[in-house]
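> So here's final_25.txt (compact mmCIF, C-alpha atoms).
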# COMPACT_ATOMS: atom_id res chain seq x y z
CA MET A 1 -30.16 16.20 -117.82
CA PRO A 2 -27.27 18.52 -118.80
CA ASP A 3 -25.20 17.69 -121.79
CA ILE A 4 -21.87 16.34 -120.51
CA ARG A 5 -20.39 15.68 -123.88
CA PRO A 6 -16.90 17.16 -124.19
CA ALA A 7 -16.00 19.60 -126.86
CA LEU A 8 -14.52 17.61 -129.70
CA PRO A 9 -11.87 18.97 -132.02
CA SER A 10 -13.14 20.12 -135.36
CA ARG A 11 -12.28 17.30 -137.61
CA SER A 12 -13.94 16.13 -140.75
CA GLY A 13 -14.35 12.88 -142.32
CA PRO A 14 -13.92 9.44 -140.86
CA HIS A 15 -11.17 10.60 -138.45
CA ARG A 16 -13.59 12.94 -136.69
CA ARG A 17 -16.20 10.24 -136.27
CA ALA A 18 -13.66 7.69 -135.12
CA GLY A 19 -12.20 10.08 -132.52
CA SER A 20 -15.63 10.87 -131.16
CA ARG A 21 -16.48 7.27 -130.81
CA ALA A 22 -13.24 6.45 -129.02
CA THR A 23 -13.64 9.30 -126.58
CA LEU A 24 -17.19 8.37 -125.73
CA ALA A 25 -16.28 4.73 -125.28
CA THR A 26 -13.44 5.67 -122.91
CA LEU A 27 -15.62 7.98 -120.79
CA ALA A 28 -18.31 5.33 -120.58
CA ALA A 29 -15.82 2.69 -119.49
CA LEU A 30 -14.06 4.86 -116.88
CA GLY A 31 -16.93 6.80 -115.32
CA GLY A 32 -19.82 4.44 -115.86
CA LEU A 33 -21.89 7.19 -117.41
CA ALA A 34 -24.78 6.31 -119.62
CA VAL A 35 -25.96 8.58 -122.27
CA THR A 36 -29.58 8.24 -123.12
CA SER A 37 -30.81 8.15 -126.63
CA ALA A 38 -33.15 11.02 -125.92
CA HIS A 39 -30.23 13.53 -125.91
CA ALA A 40 -28.03 12.06 -128.68
CA GLN A 41 -27.93 9.32 -131.15
CA VAL A 42 -24.57 7.61 -131.46
CA THR A 43 -23.54 5.24 -134.21
CA THR A 44 -20.81 2.79 -133.45
CA ASP A 45 -18.11 1.50 -135.73
CA ASP A 46 -17.19 -2.01 -134.89
CA SER A 47 -13.78 -1.64 -136.52
CA ALA A 48 -12.95 1.32 -134.28
CA LEU A 49 -14.07 -0.45 -131.10
CA SER A 50 -12.04 -3.48 -131.96
CA ALA A 51 -8.97 -1.26 -132.41
CA LEU A 52 -9.15 -0.08 -128.76
CA PRO A 53 -7.01 -1.94 -126.24
CA ALA A 54 -8.82 -4.34 -123.97
CA THR A 55 -9.29 -2.55 -120.68
CA LYS A 56 -10.66 -4.35 -117.68
CA VAL A 57 -12.51 -2.11 -115.32
CA SER A 58 -12.92 -3.49 -111.81
CA ARG A 59 -15.98 -2.39 -110.03
CA PRO A 60 -16.64 -2.99 -106.32
CA ALA A 61 -18.90 -5.86 -105.61
CA PRO A 62 -22.27 -4.68 -104.54
CA HIS A 63 -22.99 -5.19 -100.88
CA ALA A 64 -25.60 -7.72 -100.14
CA PRO A 65 -28.51 -6.12 -98.35
CA ALA A 66 -29.14 -7.23 -94.81
CA THR A 67 -31.68 -9.92 -94.66
CA ARG A 68 -34.74 -9.11 -92.65
CA PRO A 69 -37.43 -11.54 -91.69
CA ALA A 70 -40.23 -11.32 -94.10
CA ALA A 71 -43.23 -9.79 -92.49
CA SER A 72 -46.33 -11.65 -93.24
CA SER A 73 -48.84 -9.24 -94.56
CA ALA A 74 -51.66 -11.70 -94.30
CA PRO A 75 -53.29 -11.85 -90.85
CA SER A 76 -52.78 -15.06 -88.91
CA THR A 77 -55.77 -17.30 -88.91
CA THR A 78 -54.71 -19.23 -85.79
CA THR A 79 -56.17 -18.00 -82.51
CA PRO A 80 -53.71 -18.00 -79.56
CA ALA A 81 -54.65 -20.26 -76.73
CA PRO A 82 -56.02 -18.41 -73.70
CA THR A 83 -53.48 -18.14 -70.90
CA ARG A 84 -54.62 -19.34 -67.51
CA PRO A 85 -53.26 -17.80 -64.33
CA ALA A 86 -50.94 -19.98 -62.35
CA PRO A 87 -52.68 -21.56 -59.36
CA ALA A 88 -51.88 -19.67 -56.18
CA HIS A 89 -50.21 -21.75 -53.52
CA ALA A 90 -52.16 -21.93 -50.30
CA ALA A 91 -50.46 -20.22 -47.38
CA PRO A 92 -49.11 -22.65 -44.77
CA PRO A 93 -51.12 -22.77 -41.54
CA PRO A 94 -49.71 -20.64 -38.71
CA THR A 95 -47.50 -22.51 -36.34
CA ILE A 96 -48.36 -22.22 -32.65
CA PRO A 97 -45.35 -22.50 -30.33
CA ALA A 98 -45.53 -25.21 -27.74
CA ALA A 99 -44.81 -22.80 -24.89
CA PRO A 100 -44.87 -19.01 -24.66
CA PRO A 101 -41.50 -17.31 -24.67
CA PRO A 102 -40.12 -16.51 -21.26
CA PRO A 103 -40.77 -12.99 -20.03
CA PRO A 104 -37.87 -10.61 -20.35
CA VAL A 105 -35.81 -10.21 -17.24
CA ILE A 106 -35.21 -6.57 -16.46
CA ARG A 107 -32.60 -6.31 -13.80
CA PRO A 108 -32.65 -3.25 -11.58
CA PRO A 109 -29.59 -1.06 -11.63
CA VAL A 110 -27.04 -1.84 -9.01
CA VAL A 111 -26.76 1.03 -6.60
CA ASP A 112 -24.30 0.89 -3.76
CA VAL A 113 -26.23 2.01 -0.70
CA PRO A 114 -24.31 2.16 2.55
CA LEU A 115 -26.02 -0.01 5.13
CA HIS A 116 -26.10 1.25 8.66
CA PRO A 117 -27.27 -0.82 11.58
CA PRO A 118 -30.52 0.42 13.09
CA ALA A 119 -30.13 2.61 16.10
CA PRO A 120 -31.01 0.69 19.26
CA PRO A 121 -33.89 1.99 21.34
CA PRO A 122 -33.08 3.78 24.56
CA GLU A 123 -32.57 1.64 27.62
CA VAL A 124 -35.41 1.33 30.10
CA PRO A 125 -34.39 2.89 33.44
CA ALA A 126 -35.25 1.07 36.64
CA LYS A 127 -37.45 3.10 38.98
CA PRO A 128 -37.56 1.93 42.59
CA ASP A 129 -41.02 3.34 43.25
CA ALA A 130 -42.57 1.60 40.25
CA GLN A 131 -45.32 -0.82 41.17
CA GLY A 132 -45.23 -4.10 39.28
CA SER A 133 -44.21 -7.71 39.41
CA VAL A 134 -42.97 -10.61 37.28
CA THR A 135 -44.69 -14.01 37.23
CA ASP A 136 -43.42 -17.11 35.46
CA ARG A 137 -45.80 -18.74 33.04
CA PRO A 138 -45.56 -21.86 30.85
CA GLY A 139 -43.38 -20.87 27.91
CA GLY A 140 -42.57 -17.38 29.20
CA LEU A 141 -43.53 -14.84 31.84
CA ARG A 142 -46.05 -12.11 32.64
CA VAL A 143 -45.03 -8.61 33.62
CA THR A 144 -47.71 -6.68 35.57
CA PHE A 145 -47.80 -2.86 35.53
CA ALA A 146 -49.59 -0.31 37.62
CA ALA A 147 -52.75 1.14 36.13
CA GLY A 148 -51.95 3.86 33.61
CA SER A 149 -48.14 3.49 34.03
CA THR A 150 -45.22 2.14 31.96
CA ASP A 151 -42.57 2.36 34.71
CA MET A 152 -40.58 -0.77 35.62
CA ASN A 153 -38.58 -1.57 38.77
CA ALA A 154 -35.37 -3.58 38.96
CA ALA A 155 -37.14 -6.89 39.61
CA MET A 156 -39.24 -6.50 36.48
CA ILE A 157 -36.19 -5.71 34.32
CA ASP A 158 -34.24 -8.66 35.75
CA GLY A 159 -37.09 -11.05 34.95
CA VAL A 160 -37.15 -9.89 31.28
CA GLN A 161 -33.38 -10.21 31.02
CA HIS A 162 -33.54 -13.78 32.34
CA PHE A 163 -36.10 -14.56 29.64
CA ALA A 164 -33.73 -13.11 27.02
CA ALA A 165 -30.97 -15.45 28.19
CA THR A 166 -33.17 -18.50 27.65
CA LEU A 167 -34.27 -17.17 24.24
CA LEU A 168 -30.68 -16.81 23.06
CA GLN A 169 -30.18 -20.54 23.64
CA ALA A 170 -32.92 -21.27 21.09
CA PRO A 171 -31.81 -19.49 17.88
CA TYR A 172 -34.94 -20.51 15.97
CA ALA A 173 -37.40 -19.23 18.59
CA ARG A 174 -39.04 -15.80 18.62
CA ALA A 175 -40.32 -13.60 21.38
CA GLU A 176 -44.03 -12.83 21.12
CA ILE A 177 -45.12 -9.85 23.23
CA ASP A 178 -48.85 -9.32 23.86
CA ALA A 179 -49.50 -6.08 25.78
CA THR A 180 -52.82 -5.07 27.31
CA ALA A 181 -54.06 -2.14 29.37
CA SER A 182 -57.17 -1.10 31.26
CA GLY A 183 -59.37 1.72 30.12
CA ALA A 184 -62.86 2.95 29.51
CA ALA A 185 -65.13 1.05 27.18
CA ASP A 186 -65.84 4.12 25.05
CA ASP A 187 -62.12 4.99 24.70
CA VAL A 188 -60.21 2.49 22.60
CA SER A 189 -57.24 4.63 21.62
CA THR A 190 -55.81 5.35 25.08
CA PRO A 191 -55.53 1.71 26.28
CA ARG A 192 -53.98 0.67 22.96
CA ARG A 193 -51.34 3.40 23.06
CA LEU A 194 -50.54 2.51 26.69
CA SER A 195 -50.22 -1.18 25.86
CA LEU A 196 -47.95 -0.34 22.90
CA ALA A 197 -45.63 1.69 25.14
CA ARG A 198 -45.38 -1.23 27.60
CA GLY A 199 -44.63 -3.70 24.79
CA LEU A 200 -41.90 -1.46 23.36
CA ALA A 201 -40.32 -1.22 26.82
CA ILE A 202 -40.07 -5.03 27.00
CA ARG A 203 -38.69 -5.06 23.44
CA SER A 204 -35.99 -2.56 24.39
CA ILE A 205 -34.83 -4.76 27.29
CA LEU A 206 -34.61 -7.82 25.00
CA ILE A 207 -32.61 -5.92 22.33
CA HIS A 208 -30.06 -4.65 24.83
CA ALA A 209 -29.79 -8.22 26.13
CA GLY A 210 -28.65 -9.40 22.70
CA VAL A 211 -31.87 -10.58 20.99
CA ALA A 212 -32.14 -9.57 17.32
CA THR A 213 -34.96 -7.25 16.36
CA THR A 214 -36.17 -9.72 13.72
CA ARG A 215 -36.97 -12.20 16.49
CA ILE A 216 -39.26 -9.90 18.45
CA TYR A 217 -42.95 -9.36 17.65
CA VAL A 218 -45.03 -6.83 19.58
CA ARG A 219 -48.82 -6.77 19.51
CA ALA A 220 -50.70 -3.94 21.25
CA ILE A 221 -54.08 -5.34 22.23
CA GLY A 222 -55.44 -2.58 24.41
CA VAL A 223 -58.36 -3.59 26.60
CA PRO A 224 -58.33 -7.41 26.84
CA ALA A 225 -61.35 -9.55 26.21
CA PRO A 226 -63.34 -10.52 29.32
CA ALA A 227 -62.40 -14.17 28.92
CA THR A 228 -58.73 -13.49 29.49
CA ALA A 229 -59.36 -12.03 32.94
CA LYS A 230 -60.77 -15.27 34.30
CA GLY A 231 -59.13 -18.48 35.42
CA SER A 232 -57.20 -17.53 38.57
CA ASP A 233 -57.73 -15.75 41.87
CA SER A 234 -54.29 -14.04 41.81
CA PRO A 235 -54.43 -10.26 41.25
CA ASN A 236 -51.59 -10.57 38.75
CA GLU A 237 -53.65 -12.96 36.67
CA THR A 238 -56.83 -10.89 36.75
CA SER A 239 -55.26 -7.47 36.17
CA PRO A 240 -55.63 -6.21 32.59
CA ASP A 241 -52.45 -4.07 32.92
CA HIS A 242 -49.89 -6.70 31.98
CA VAL A 243 -47.58 -7.90 29.21
CA ASP A 244 -47.25 -11.59 28.33
CA VAL A 245 -43.85 -12.56 26.89
CA THR A 246 -43.84 -16.05 25.30
CA ARG A 247 -41.40 -18.10 23.24
CA SER A 248 -42.71 -19.15 19.83
CA ASP A 249 -41.35 -22.69 20.17
CA MET A 250 -43.37 -23.29 23.33
CA VAL A 251 -47.15 -23.28 23.73
CA ALA A 252 -48.39 -21.23 26.63
CA SER A 253 -51.13 -22.99 28.53
CA ALA A 254 -53.47 -21.73 31.21
CA PRO A 255 -53.04 -23.06 34.71
CA PRO A 256 -54.87 -26.33 35.35
CA PRO A 257 -58.47 -25.85 36.43
CA SER A 258 -59.38 -26.55 40.04
CA PRO A 259 -61.04 -29.94 40.66
CA ALA A 260 -64.82 -30.15 40.92
CA PRO A 261 -66.43 -30.54 44.40
CA SER A 262 -67.45 -34.12 43.60
CA GLU A 263 -63.89 -34.99 42.67
CA GLN A 264 -62.57 -33.41 45.89
CA ARG A 265 -64.92 -35.58 48.01
CA SER A 266 -63.96 -38.74 46.19
CA ALA A 267 -60.29 -38.14 46.60
CA PRO A 268 -58.68 -40.20 49.44
The structure given in the file should be rewritten as structure tokens.

Amino acid sequence: MPDIRPALPSRSGPHRRAGSRATLATLAALGGLAVTSAHAQVTTDDSALSALPATKVSRPAPHAPATRPAASSAPSTTTPAPTRPAPAHAAPPPTIPAAPPPPPVIRPPVVDVPLHPPAPPPEVPAKPDAQGSVTDRPGGLRVTFAAGSTDMNAAMIDGVQHFAATLLQAPYARAEIDATASGAADDVSTPRRLSLARGLAIRSILIHAGVATTRIYVRAIGVPAPATAKGSDSPNETSPDHVDVTRSDMVASAPPPSPAPSEQRSAP
């Protein structure tokens, strides 16, 4: 440690020792310096110290150190209780709806389409040399054509027009057209096409007479079954080249059978 003693004036005798003591006492009081006995040995004079004025030196109060929790150096002898996992809650059962949701309704886009009435079929011309006839039947009529022909005369057209007038009086009735034609047994296509042409001719007459197309049904049969050619001696009834036009609200029935020979003898 360096020697911090100040240079003292060269004095002798008791004044020199008294001055040295006073100076050291003042420096110790003001600066708080301590001089160890290893560097110097100082003798004090009580009479000189008592002669000094009483000086009160205020020192700042030492700050109290922050208190920290005392760490226990000894290991803890208590064993912590084992932690158990919390019980998992069971998932609720799935709920089943009472009824399935309704299917989504996908509406088609609205497109304005101009509606045009259907073009009417061409009118059927009356041909005077056409061979055919019209016969009334229960619930309608039968139009007979010549073999292999679709031509119609004026009488045939008038009979179909009269049927159309009666059909217009029954708005809920329909016209059922069953067309047949003769032909070879090994050729099915030709009789069916011929019967279709005859049925469409009857349909055309009904449309021009005022019957709606939704009330007319055409069925092209072609060669009729053998059973349909029996039941009457009239050539119109036995000819396969015919078209039967019947109202749907009336049941067409065959003509009554002829009485048996025993019944004819018993009759009065």
> Would you work out the distance separating CA of Ala181 (chain A) from CA of Ala126 (chain A), expressed in Å to one decimal?
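Between CA of Ala181 (chain A) and CA of Ala126 (chain A) the gap is 20.4 Å.
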> May I have the residues within 9 Å of Ala209 (chain A) as a ChimeraX atom specification, using only C-alpha atoms and disregarding those fewer than 3 positions away in the same chain?
/A:161,164-165,204-206
> Give me, please, the distance in Å between CA of Ile216 (chain A) and CA of Gln131 (chain A), quoted to one decimal.
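Separation of CA of Ile216 (chain A) and CA of Gln131 (chain A): 25.2 Å.
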> Nearest residue to Ala220 (chain A) out of A:Met250, A:Ala179, A:Ile207, A:Ile157, using only C-alpha atoms?
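Of A:Met250, A:Ala179, A:Ile207, A:Ile157, the one nearest Ala220 (chain A), counting only C-alpha atoms, is A:Ala179.
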> CA of Phe163 (chain A) to CA of Gly140 (chain A): how many Å, to one decimal?
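These atoms are spaced 7.1 Å apart.
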> For a quick check of understanding, using only C-alpha atoms, which of A:Ala212, A:Ala185, A:Val124, A:Ala155 has the smallest distance to Gly199 (chain A)?
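With only C-alpha atoms as the atom set, the closest residue is A:Val124.
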